[in-house]
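As structure tokens, the structure follows; a few thoughts come after it.
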Protein chains: 2
Amino acid sequence: MIYFDHNATAPMLPEARQAWLEAAEKFIGNPSSPHRIGSRADAALSDARERLASFLGCDALDIVWTSGATEASNMVLHHFAQLAPAQSEAWISAIEHPCVLETAKSYFSKRLLLIPAHRSGVINIHWIRERLAHSRPAFIALMAANNETGVLQPWREALALCRESGVPLFCDATQWIGKLPATGLGECDFVSGSAHKFGGPKGVGFLKCPAKGRVEPLLYGGKQEEGRRAGTENVAGVLSMVAALEIREVTMRRTREDGDLKMENRGLTQSSSSSSAFSCSPVFGSSALTQRLNWREQFERQLLSSLPGAAIIGAEAPRIWHTISALMPEADCQQRWVVKLDKLGFAVSTGSACASGREEPSHVLRAMGHSTADTSRVLRFSSGWETREEDWDALLAALAKLSRRS
Amino acid sequence: MIYFDHNATAPMLPEARQAWLEAAEKFIGNPSSPHRIGSRADAALSDARERLASFLGCDALDIVWTSGATEASNMVLHHFAQLAPAQSEAWISAIEHPCVLETAKSYFSKRLLLIPAHRSGVINIHWIRERLAHSRPAFIALMAANNETGVLQPWREALALCRESGVPLFCDATQWIGKLPATGLGECDFVSGSAHKFGGPKGVGFLKCPAKGRVEPLLYGGKQEEGRRAGTENVAGVLSMVAALEIREVTMRRTREDGDLKMENRGLTQSSSSSSAFSCSPVFGSSALTQRLNWREQFERQLLSSLPGAAIIGAEAPRIWHTISALMPEADCQQRWVVKLDKLGFAVSTGSACASGREEPSHVLRAMGHSTADTSRVLRFSSGWETREEDWDALLAALAKLSRRS
């Protein structure tokens, strides 16, 4: 099988597996235990906290380990539901992952305002600016990169607006971290991430939150994580996650240090969105990234020429290097494409894994103004660091073959 | 180091590590993904669900995978806080783990009633019976075995009372599962467990809840786990947990099938509690269990004779085979015992790992009527399946040596 569903989950890196195994051997204690075996586990967690914080650009004590991004998002929404004034609003982008959007609906109900998106898939930053001129929400939630379309969001611009108006920003960076450099994300008040999206194990993630001031826990109980998250820490999972992120960050940084900056500000971060001019800089061009971006762009061009009637969702917006949301020709519905590609040995998705079990049309595509009919024609191809150029070629050949057949 | 802190966390079983590794290789997909790689992961989860359900004696669909017992407990309390009538009470045993007690305080506040405990460490079942005669709480929470004292609780009696009166019972079985047979626990409405307490990995656990009827999620988002718990499932963690439990259950069952029942109803389940006559039957005697119980009892006898002034907490109650809560002679405070034993190569605890970071006296010992001064003199020795007789002997020698010195 050739795997094009990395946005759902990525295979584990050998280094992450090794780190997990080593941790499971070396750090067998409960980090809260009062003896050396416990202290060693605690020290390993502290070290991991420092390393993650250095990538994000924040304090080690800002980091809370969680069971994944879903728990992290729930923790943020619960925090504001508990501590924000009773009438205050939550402004959430309309294209957030269900772990933010559904949680916001549950906790904020009628006090929830959706930040609209442009047809390009970028949220409307002007909407935020204009609203902030006469109103203050309890917080704003804006993801870094969309999981269905790969469209990069203007979180830096949103952060600047939030800073000016004293509104906290929550940035779900689950699809960004490990694929683009994490640096700068630590400036957001809350940031969530998930290990299994970048080569770490499933079941572990983190929330960056303000070390100072009260953070209301979602999980009550023991006093772990400075009283912010009860439950014995997943030591091996955390060490494995940080080992995976380290591999990704080093890959991205190495090239930068080598001076290969010629591709900077192109492709990965091109600010050519007609509907929303913004830049996601600084995102460093790196040969590893730009090479992969080239493969994806080449695939897109060839797809459009081989399959008349196909289109790329969010084509005019800056998009992350590994995601394609393709509007397929009307010949066949998305489920049948997935099944046929599966038989030919390709794993692709109809949208987010979380949404794909449901019958409802994608809320992301609907927010972008696509019709329900359109949403049933969309396939998502998401590559990974290990995807090769020939994998893209093979996928294209399979799509062309299936298209001729139907 | 000789490890006597299994109640805080147990080292991972080789079989659990192997299961994790295999799962991380074989089941790389997201169980919610629509292709074969996803379906394989989903099928592996379903198989694990069947296996766990068979141990508990419940339906596979009753099982929700969580990040541990803390999340599972929080989920139960949140569920009732959301769905129970606004004025209804929560009756929680006074000796519950903080992940139940603190969560109950947070969600139920003044509607929380604590079920008192006898001096023996057993909760007062008559209190429940009497109260139920004229009142109905939203639910009752009673743990199976206490984490600090090892005292077994009359959860079967509580279940019978709950059944009669139509009140749901939540049983936190974290310290029971994997140490005593899980069979029968599945009859409780809600049951929580945690992998790392019985040789599985940290960061994974489960909640048994009613498959029928609405269960309010704690984590909102994707529609995983029948809409009861959002977030990509920790496939490798779950398979590893179930592999570990299988080893423990097979060990306990094998002897039973061999007909070695002569020790049944002794020791492990002796109903000699003066303050609360009840039986925890059926708990099967097995040579593996009774041998370990013999070692512990021998250690206790020798401890009491070597250290004048020492006492065993809950000595008159039925206790699980691996836990000793020892009231040490007044010569030294518990922290110094822990440090000195640590230097001699023994890992022991002052109480629960969750409580040991705090300054406050143990709420469990306080509920049993012990003075604050007493609580500062308590050490917990918790053995595991792999602890040998000579480990107990070595611990005793170390304690005797330290006692002579002081």
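Residues in the structure tokens are named by chain (A, B, ... in the order shown) and by number from 1 within that chain; ligands are numbered from 1 in the order shown.
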
- Pick out the chain A residues within 7 Å of chain B. Count only C-alpha atoms. Give them as a PyMOL selection string. chain A and resi 8-9+11+28-30+32-36+67+70-71+74+98-100+102-103+202-203+219-223+230-231+233-234+338-339+342+347+349+353-357

- Test item: residues at most 6 Å from segment 363-371 of chain B, only C-alpha atoms, excluding those fewer than 4 positions along its chain, as a list of chain:residue names: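 Near segment 363-371 of chain B, the qualifying residues are B:Ile95, B:Ala117, B:His118, B:Arg119, B:Gly121.
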
- Query: Hey, which of B:Ala398, B:Ala138, B:Ala158, B:Leu83 ends up closest to Leu344 of chain B? Count only C-alpha atoms.
  - Reply: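 The closest residue to Leu344 of chain B is B:Ala398.
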
- Message: Here is a test: counting only C-alpha atoms, which residue of A:Ile312, A:Ile115, A:Leu307, A:Ala44 is nearest to Ser240 of chain A?
- Response: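 The answer is A:Ala44, which sits nearest to Ser240 of chain A.
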
- When DSSP works through the backbone of this structure, what residues of segment 160-398 of chain B end up as helix (DSSP H, G or I), shown as a PyMOL selection string? chain B and resi 160-165+185-187+195-197+224-227+235-257+267-269+287-306+334-343+353-356+363-367+372-375+389-398

- Write out as a list of chain:residue names which residues come within 9 Å of Leu293 of chain A when counting only C-alpha atoms, dropping same-chain ones fewer than 3 positions away.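 Using only C-alpha atoms, the neighbours found are A:Gly267, A:Leu268, A:Ala288, A:Leu289, A:Thr290, A:Arg296, A:Glu297, A:Gln298, A:Ile320, A:Trp321, A:His322.
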
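As for atom CA of Ile324 of chain A and atom CA of Leu402 of chain A, they are spaced 18.5 Å apart.
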
- Suppose you want the space between atom CA of Ser135 of chain B and atom CA of Ser88 of chain B; what is it in Å?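 Distance reported for this atom pair: 9.8 Å.
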
- Shortest interatomic distance to Asp42 of chain B - which of B:Asp62, B:Asp172, B:Glu225, B:Glu130, counting only C-alpha atoms: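 Ranked by minimum distance to Asp42 of chain B, first place goes to B:Glu225.
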
- Message: Residues near Ser376 of chain B, anyone? I mean within 10 Å using only C-alpha atoms, not counting same-chain ones fewer than 6 positions away, as number ranges by chain.
- Response: B: 327-328, 330, 332-335, 350-351, 359-362

- Who sits within 9 Å of Leu303 of chain B, only C-alpha atoms, same chain under 6 positions skipped, as JSON, numbers by chain: {"B": [310, 311, 396, 399, 400]}

Requested write-out: C-alpha atoms of the selected residues, as a compact mmCIF listing (two decimals), in the first residue's frame:
# COMPACT_ATOMS: atom_id res chain seq x y z
CA ALA B 310 4.74 -0.58 64.03
CA ALA B 311 1.21 -1.48 62.95
CA LEU B 396 12.52 -6.50 56.00
CA LEU B 399 13.84 -1.84 57.64
CA ALA B 400 15.29 -3.64 60.64

- Task: Considering only C-alpha atoms, return as a list of chain:residue names whatever protein or nucleic-acid residues lie within 12 Å of Asp47 of chain A, sequence-local ones (same chain, fewer than 4 positions apart) excluded.
- Result: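 So, after excluding close chain neighbours, the residues are A:Arg40, A:Ala41, A:Asp42, A:Ala43, A:Arg51, A:Leu52, A:Ala53, A:Ser54, A:Ala60, A:Leu61, A:Ile63, A:Val235, A:Val238, A:Leu239, A:Val242, A:Ala243.
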
Only N, CA and C atoms, please: the residues just picked out, written as an mmCIF file, in the first residue's frame.
data_model
loop_
_atom_site.group_PDB
_atom_site.id
_atom_site.type_symbol
_atom_site.label_atom_id
_atom_site.label_comp_id
_atom_site.auth_asym_id
_atom_site.auth_seq_id
_atom_site.Cartn_x
_atom_site.Cartn_y
_atom_site.Cartn_z
ATOM 1 N N ARG A 40 13.716 9.861 38.367
ATOM 2 C CA ARG A 40 14.325 9.708 37.038
ATOM 3 C C ARG A 40 13.280 9.929 35.941
ATOM 4 N N ALA A 41 12.106 9.362 36.143
ATOM 5 C CA ALA A 41 11.026 9.550 35.159
ATOM 6 C C ALA A 41 10.638 11.027 35.098
ATOM 7 N N ASP A 42 10.600 11.659 36.274
ATOM 8 C CA ASP A 42 10.236 13.070 36.332
ATOM 9 C C ASP A 42 11.279 13.925 35.617
ATOM 10 N N ALA A 43 12.550 13.586 35.817
ATOM 11 C CA ALA A 43 13.626 14.341 35.171
ATOM 12 C C ALA A 43 13.555 14.182 33.651
ATOM 13 N N ARG A 51 12.846 20.614 25.781
ATOM 14 C CA ARG A 51 13.112 20.472 24.348
ATOM 15 C C ARG A 51 11.913 20.935 23.524
ATOM 16 N N LEU A 52 10.728 20.536 23.921
ATOM 17 C CA LEU A 52 9.538 20.973 23.174
ATOM 18 C C LEU A 52 9.402 22.494 23.254
ATOM 19 N N ALA A 53 9.619 23.033 24.460
ATOM 20 C CA ALA A 53 9.487 24.485 24.646
ATOM 21 C C ALA A 53 10.482 25.236 23.756
ATOM 22 N N SER A 54 11.662 24.655 23.575
ATOM 23 C CA SER A 54 12.665 25.340 22.748
ATOM 24 C C SER A 54 12.222 25.374 21.280
ATOM 25 N N ALA A 60 9.372 26.171 29.494
ATOM 26 C CA ALA A 60 9.095 24.748 29.698
ATOM 27 C C ALA A 60 7.824 24.568 30.527
ATOM 28 N N LEU A 61 7.608 25.456 31.500
ATOM 29 C CA LEU A 61 6.434 25.296 32.370
ATOM 30 C C LEU A 61 5.119 25.664 31.686
ATOM 31 N N ILE A 63 4.196 24.089 29.139
ATOM 32 C CA ILE A 63 3.772 22.861 28.469
ATOM 33 C C ILE A 63 3.014 21.931 29.415
ATOM 34 N N VAL A 235 5.008 8.787 30.142
ATOM 35 C CA VAL A 235 6.423 9.142 30.004
ATOM 36 C C VAL A 235 6.993 8.673 28.668
ATOM 37 N N VAL A 238 5.543 10.626 25.744
ATOM 38 C CA VAL A 238 6.068 11.992 25.658
ATOM 39 C C VAL A 238 7.485 11.985 25.068
ATOM 40 N N LEU A 239 8.330 11.099 25.563
ATOM 41 C CA LEU A 239 9.708 11.073 25.064
ATOM 42 C C LEU A 239 9.739 10.681 23.586
ATOM 43 N N VAL A 242 8.601 13.736 21.494
ATOM 44 C CA VAL A 242 9.621 14.782 21.367
ATOM 45 C C VAL A 242 10.766 14.300 20.473
ATOM 46 N N ALA A 243 11.076 13.003 20.528
ATOM 47 C CA ALA A 243 12.106 12.459 19.634
ATOM 48 C C ALA A 243 11.669 12.609 18.179
#

- Query: Do you have the atom CA of Gly200 of chain A-atom CA of Ala244 of chain A distance handy?
  - Reply: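 About the pair atom CA of Gly200 of chain A and atom CA of Ala244 of chain A: they are 5.3 Å apart.
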